[in-house]
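One file, run-v1.cif, carrying mmCIF, N, CA and C atoms:
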data_model
loop_
_atom_site.label_atom_id
_atom_site.label_comp_id
_atom_site.auth_asym_id
_atom_site.auth_seq_id
_atom_site.Cartn_x
_atom_site.Cartn_y
_atom_site.Cartn_z
N MET C 1 68.50 60.34 -8.95
CA MET C 1 68.05 58.99 -9.22
C MET C 1 67.44 58.41 -7.94
N PRO C 2 66.13 58.18 -7.93
CA PRO C 2 65.49 57.61 -6.74
C PRO C 2 65.82 56.12 -6.59
N ILE C 3 66.29 55.77 -5.41
CA ILE C 3 66.62 54.36 -5.17
C ILE C 3 65.77 53.75 -4.07
N VAL C 4 65.05 54.59 -3.30
CA VAL C 4 64.19 54.06 -2.24
C VAL C 4 63.07 53.26 -2.90
N GLY C 5 62.90 52.04 -2.47
CA GLY C 5 61.88 51.17 -3.03
C GLY C 5 62.42 50.22 -4.07
N LYS C 6 63.51 50.57 -4.72
CA LYS C 6 64.09 49.65 -5.70
C LYS C 6 65.16 48.80 -5.04
N LEU C 7 66.11 49.43 -4.39
CA LEU C 7 67.19 48.69 -3.74
C LEU C 7 67.14 48.79 -2.22
N VAL C 8 66.66 49.90 -1.72
CA VAL C 8 66.57 50.12 -0.28
C VAL C 8 65.20 49.60 0.20
N PRO C 9 65.15 48.79 1.24
CA PRO C 9 63.87 48.29 1.73
C PRO C 9 62.93 49.45 2.08
N ASP C 10 61.70 49.35 1.60
CA ASP C 10 60.75 50.44 1.80
C ASP C 10 59.41 49.98 2.35
N GLN C 11 59.22 48.68 2.50
CA GLN C 11 57.92 48.20 2.95
C GLN C 11 58.11 47.09 3.98
N LYS C 12 57.33 47.16 5.05
CA LYS C 12 57.37 46.12 6.08
C LYS C 12 56.06 45.35 6.01
N GLN C 13 56.17 44.04 5.95
CA GLN C 13 54.99 43.20 5.87
C GLN C 13 54.93 42.30 7.09
N LYS C 14 53.77 42.27 7.71
CA LYS C 14 53.54 41.37 8.83
C LYS C 14 52.65 40.24 8.33
N MET C 15 53.00 39.03 8.74
CA MET C 15 52.25 37.87 8.31
C MET C 15 52.02 36.97 9.52
N ARG C 16 50.86 36.35 9.55
CA ARG C 16 50.51 35.44 10.64
C ARG C 16 49.87 34.21 10.03
N ILE C 17 50.23 33.06 10.57
CA ILE C 17 49.63 31.82 10.09
C ILE C 17 49.14 31.02 11.29
N ARG C 18 47.95 30.46 11.12
CA ARG C 18 47.37 29.57 12.13
C ARG C 18 46.75 28.41 11.37
N ILE C 19 47.10 27.21 11.77
CA ILE C 19 46.51 26.05 11.11
C ILE C 19 45.68 25.26 12.11
N LYS C 20 44.72 24.55 11.57
CA LYS C 20 43.85 23.70 12.38
C LYS C 20 43.78 22.35 11.70
N ALA C 21 43.71 21.30 12.50
CA ALA C 21 43.61 19.95 11.96
C ALA C 21 42.51 19.20 12.71
N ALA C 22 41.74 18.44 11.96
CA ALA C 22 40.72 17.58 12.55
C ALA C 22 41.20 16.15 12.44
N VAL C 23 41.19 15.45 13.56
CA VAL C 23 41.57 14.04 13.59
C VAL C 23 40.29 13.25 13.86
N ILE C 24 39.98 12.35 12.92
CA ILE C 24 38.72 11.60 13.01
C ILE C 24 39.03 10.11 13.06
N ASP C 25 38.48 9.44 14.07
CA ASP C 25 38.57 7.98 14.17
C ASP C 25 37.37 7.41 13.42
N VAL C 26 37.62 6.84 12.27
CA VAL C 26 36.52 6.38 11.43
C VAL C 26 35.79 5.16 12.01
N ALA C 27 36.45 4.42 12.87
CA ALA C 27 35.81 3.25 13.47
C ALA C 27 34.76 3.67 14.50
N THR C 28 35.08 4.67 15.31
CA THR C 28 34.17 5.08 16.38
C THR C 28 33.41 6.37 16.08
N GLY C 29 33.91 7.16 15.15
CA GLY C 29 33.28 8.45 14.87
C GLY C 29 33.75 9.55 15.80
N ALA C 30 34.66 9.23 16.70
CA ALA C 30 35.19 10.26 17.61
C ALA C 30 36.11 11.19 16.83
N TRP C 31 36.12 12.44 17.21
CA TRP C 31 36.96 13.42 16.51
C TRP C 31 37.46 14.47 17.50
N LEU C 32 38.52 15.14 17.11
CA LEU C 32 39.04 16.25 17.90
C LEU C 32 39.78 17.21 16.98
N PHE C 33 39.84 18.45 17.41
CA PHE C 33 40.59 19.47 16.69
C PHE C 33 41.92 19.68 17.37
N ILE C 34 42.96 19.84 16.60
CA ILE C 34 44.27 20.21 17.13
C ILE C 34 44.64 21.54 16.50
N ILE C 35 44.90 22.52 17.35
CA ILE C 35 45.23 23.86 16.89
C ILE C 35 46.52 24.28 17.58
N PRO C 36 47.66 24.16 16.89
CA PRO C 36 48.91 24.62 17.49
C PRO C 36 48.94 26.15 17.54
N GLU C 37 49.92 26.69 18.20
CA GLU C 37 50.00 28.14 18.34
C GLU C 37 50.15 28.82 16.98
N ALA C 38 49.75 30.07 16.93
CA ALA C 38 49.89 30.86 15.70
C ALA C 38 51.31 31.42 15.64
N TYR C 39 51.83 31.55 14.44
CA TYR C 39 53.18 32.09 14.25
C TYR C 39 53.10 33.41 13.50
N ASN C 40 53.88 34.40 13.99
CA ASN C 40 53.93 35.73 13.39
C ASN C 40 55.34 35.99 12.87
N ASP C 41 55.41 36.85 11.86
CA ASP C 41 56.70 37.25 11.32
C ASP C 41 56.53 38.62 10.67
N ALA C 42 57.58 39.41 10.74
CA ALA C 42 57.59 40.72 10.08
C ALA C 42 58.90 40.86 9.32
N ARG C 43 58.81 41.27 8.08
CA ARG C 43 59.99 41.42 7.23
C ARG C 43 59.89 42.73 6.46
N THR C 44 61.03 43.29 6.16
CA THR C 44 61.08 44.45 5.27
C THR C 44 61.61 43.99 3.92
N SER C 45 61.11 44.62 2.88
CA SER C 45 61.53 44.22 1.54
C SER C 45 61.57 45.44 0.62
N ALA C 46 62.34 45.30 -0.42
CA ALA C 46 62.43 46.31 -1.46
C ALA C 46 61.62 45.82 -2.66
N ARG C 47 61.27 46.72 -3.53
CA ARG C 47 60.45 46.37 -4.69
C ARG C 47 61.12 45.30 -5.54
N ILE C 48 62.41 45.34 -5.62
CA ILE C 48 63.15 44.42 -6.49
C ILE C 48 63.04 42.96 -6.04
N ASN C 49 62.87 42.73 -4.75
CA ASN C 49 62.79 41.34 -4.27
C ASN C 49 61.54 41.08 -3.43
N ARG C 50 60.51 41.90 -3.58
CA ARG C 50 59.33 41.79 -2.72
C ARG C 50 58.60 40.46 -2.88
N GLU C 51 58.35 40.03 -4.09
CA GLU C 51 57.61 38.78 -4.30
C GLU C 51 58.38 37.60 -3.73
N GLU C 52 59.66 37.55 -3.99
CA GLU C 52 60.51 36.47 -3.47
C GLU C 52 60.53 36.49 -1.95
N SER C 53 60.63 37.67 -1.37
CA SER C 53 60.67 37.81 0.09
C SER C 53 59.35 37.37 0.72
N ASP C 54 58.22 37.76 0.11
CA ASP C 54 56.91 37.39 0.64
C ASP C 54 56.69 35.89 0.58
N GLN C 55 57.08 35.27 -0.52
CA GLN C 55 56.92 33.82 -0.65
C GLN C 55 57.81 33.08 0.33
N GLY C 56 59.00 33.56 0.55
CA GLY C 56 59.89 32.95 1.53
C GLY C 56 59.35 33.07 2.93
N GLN C 57 58.78 34.24 3.24
CA GLN C 57 58.20 34.47 4.55
C GLN C 57 57.04 33.50 4.79
N ALA C 58 56.16 33.33 3.81
CA ALA C 58 55.04 32.40 3.94
C ALA C 58 55.53 30.96 4.09
N ALA C 59 56.55 30.59 3.33
CA ALA C 59 57.08 29.22 3.40
C ALA C 59 57.68 28.93 4.78
N ARG C 60 58.41 29.91 5.33
CA ARG C 60 59.00 29.70 6.67
C ARG C 60 57.91 29.55 7.73
N LEU C 61 56.87 30.37 7.65
CA LEU C 61 55.79 30.28 8.63
C LEU C 61 55.03 28.96 8.50
N LYS C 62 54.79 28.51 7.28
CA LYS C 62 54.13 27.22 7.07
C LYS C 62 54.96 26.08 7.65
N ALA C 63 56.27 26.12 7.42
CA ALA C 63 57.14 25.07 7.94
C ALA C 63 57.07 25.02 9.47
N LYS C 64 57.10 26.17 10.11
CA LYS C 64 57.01 26.21 11.58
C LYS C 64 55.66 25.67 12.06
N ALA C 65 54.60 26.07 11.40
CA ALA C 65 53.26 25.66 11.82
C ALA C 65 53.06 24.16 11.62
N TYR C 66 53.49 23.62 10.49
CA TYR C 66 53.35 22.18 10.25
C TYR C 66 54.20 21.37 11.21
N LYS C 67 55.38 21.86 11.53
CA LYS C 67 56.23 21.17 12.50
C LYS C 67 55.55 21.14 13.87
N ALA C 68 54.95 22.26 14.27
CA ALA C 68 54.24 22.31 15.56
C ALA C 68 53.04 21.37 15.55
N LEU C 69 52.36 21.27 14.42
CA LEU C 69 51.22 20.36 14.31
C LEU C 69 51.66 18.91 14.47
N VAL C 70 52.74 18.54 13.82
CA VAL C 70 53.26 17.17 13.94
C VAL C 70 53.66 16.89 15.38
N GLN C 71 54.32 17.84 16.03
CA GLN C 71 54.71 17.65 17.43
C GLN C 71 53.47 17.47 18.32
N SER C 72 52.42 18.25 18.06
CA SER C 72 51.19 18.12 18.83
C SER C 72 50.56 16.75 18.62
N LEU C 73 50.55 16.27 17.39
CA LEU C 73 50.01 14.94 17.11
C LEU C 73 50.82 13.85 17.79
N LEU C 74 52.13 13.98 17.74
CA LEU C 74 52.99 12.97 18.37
C LEU C 74 52.83 12.93 19.88
N THR C 75 52.76 14.08 20.52
CA THR C 75 52.60 14.08 21.98
C THR C 75 51.22 13.57 22.39
N ARG C 76 50.22 13.82 21.59
CA ARG C 76 48.88 13.38 21.96
C ARG C 76 48.66 11.89 21.73
N PHE C 77 49.25 11.35 20.68
CA PHE C 77 48.95 9.96 20.29
C PHE C 77 50.08 8.98 20.50
N GLN C 78 51.08 9.30 21.29
CA GLN C 78 52.14 8.33 21.56
C GLN C 78 51.88 7.63 22.86
#
Representation of the structure as structure tokens:
Amino acid sequence: MPIVGKLVPDQKQKMRIRIKAAVIDVATGAWLFIIPEAYNDARTSARINREESDQGQAARLKAKAYKALVQSLLTRFQ
């Protein structure tokens, strides 16, 4: 009975997220880009939970990236 891939992790996925934000002052027309650091993650998953694992990995990376973006905005505009 083959179990590799069903219960035993058989695939490693690397994911990277980078976000960019444009801040525009509508009164003056001045603008700037804010680009926080890129975040990387690598996870192993089995076929039985691969979709759930991939979605969780993407959600964690998005949360880190958005938090870094908010911190960048706060330090720049406080």
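Using only N, CA and C atoms, the smallest distance between any of C:Ile48, C:Leu61, C:Val26, C:Ile34 and C:Leu73 comes from C:Ile34.
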Checklist entry - atom CA of C:Arg76 to atom CA of C:Arg60: how many Å, to one decimal? => result 24.5 Å
Item to check | Among listed residues C:Ala58, C:Leu69, C:Ile35, C:Leu74, nearest C:Lys20 (using only C-alpha atoms) | outcome: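 So, comparing all the options, the nearest one is C:Ile35.
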Item to check | DSSP strand (DSSP E or B) residues within chain C, as a list in words | outcome: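 Matching residues, listed in order: Val4, Val8, Gln11, Lys12, Gln13, Lys14, Met15, Arg16, Ile17, Ala21, Ala22, Val23, Ile24, Trp31, Leu32, Phe33, Ile34, Tyr39, Asn40, Asp41, Ala42, Arg43, Thr44 and Ser45 of chain C.
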Checklist entry - Excluding same-chain residues fewer than 4 positions from C:Gln11, what lies within 6.5 Å of it counting all atoms listed in the file, as a list of chain:residue names? => result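 Answer for this query is C:Arg43, C:Thr44, C:Ser45, C:Ala46.
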Next on the checklist: Just to confirm, what's the straight-line distance from atom CA of C:Ala68 to atom CA of C:Lys14 in Å (one decimal)?
Outcome noted: 20.2 Å
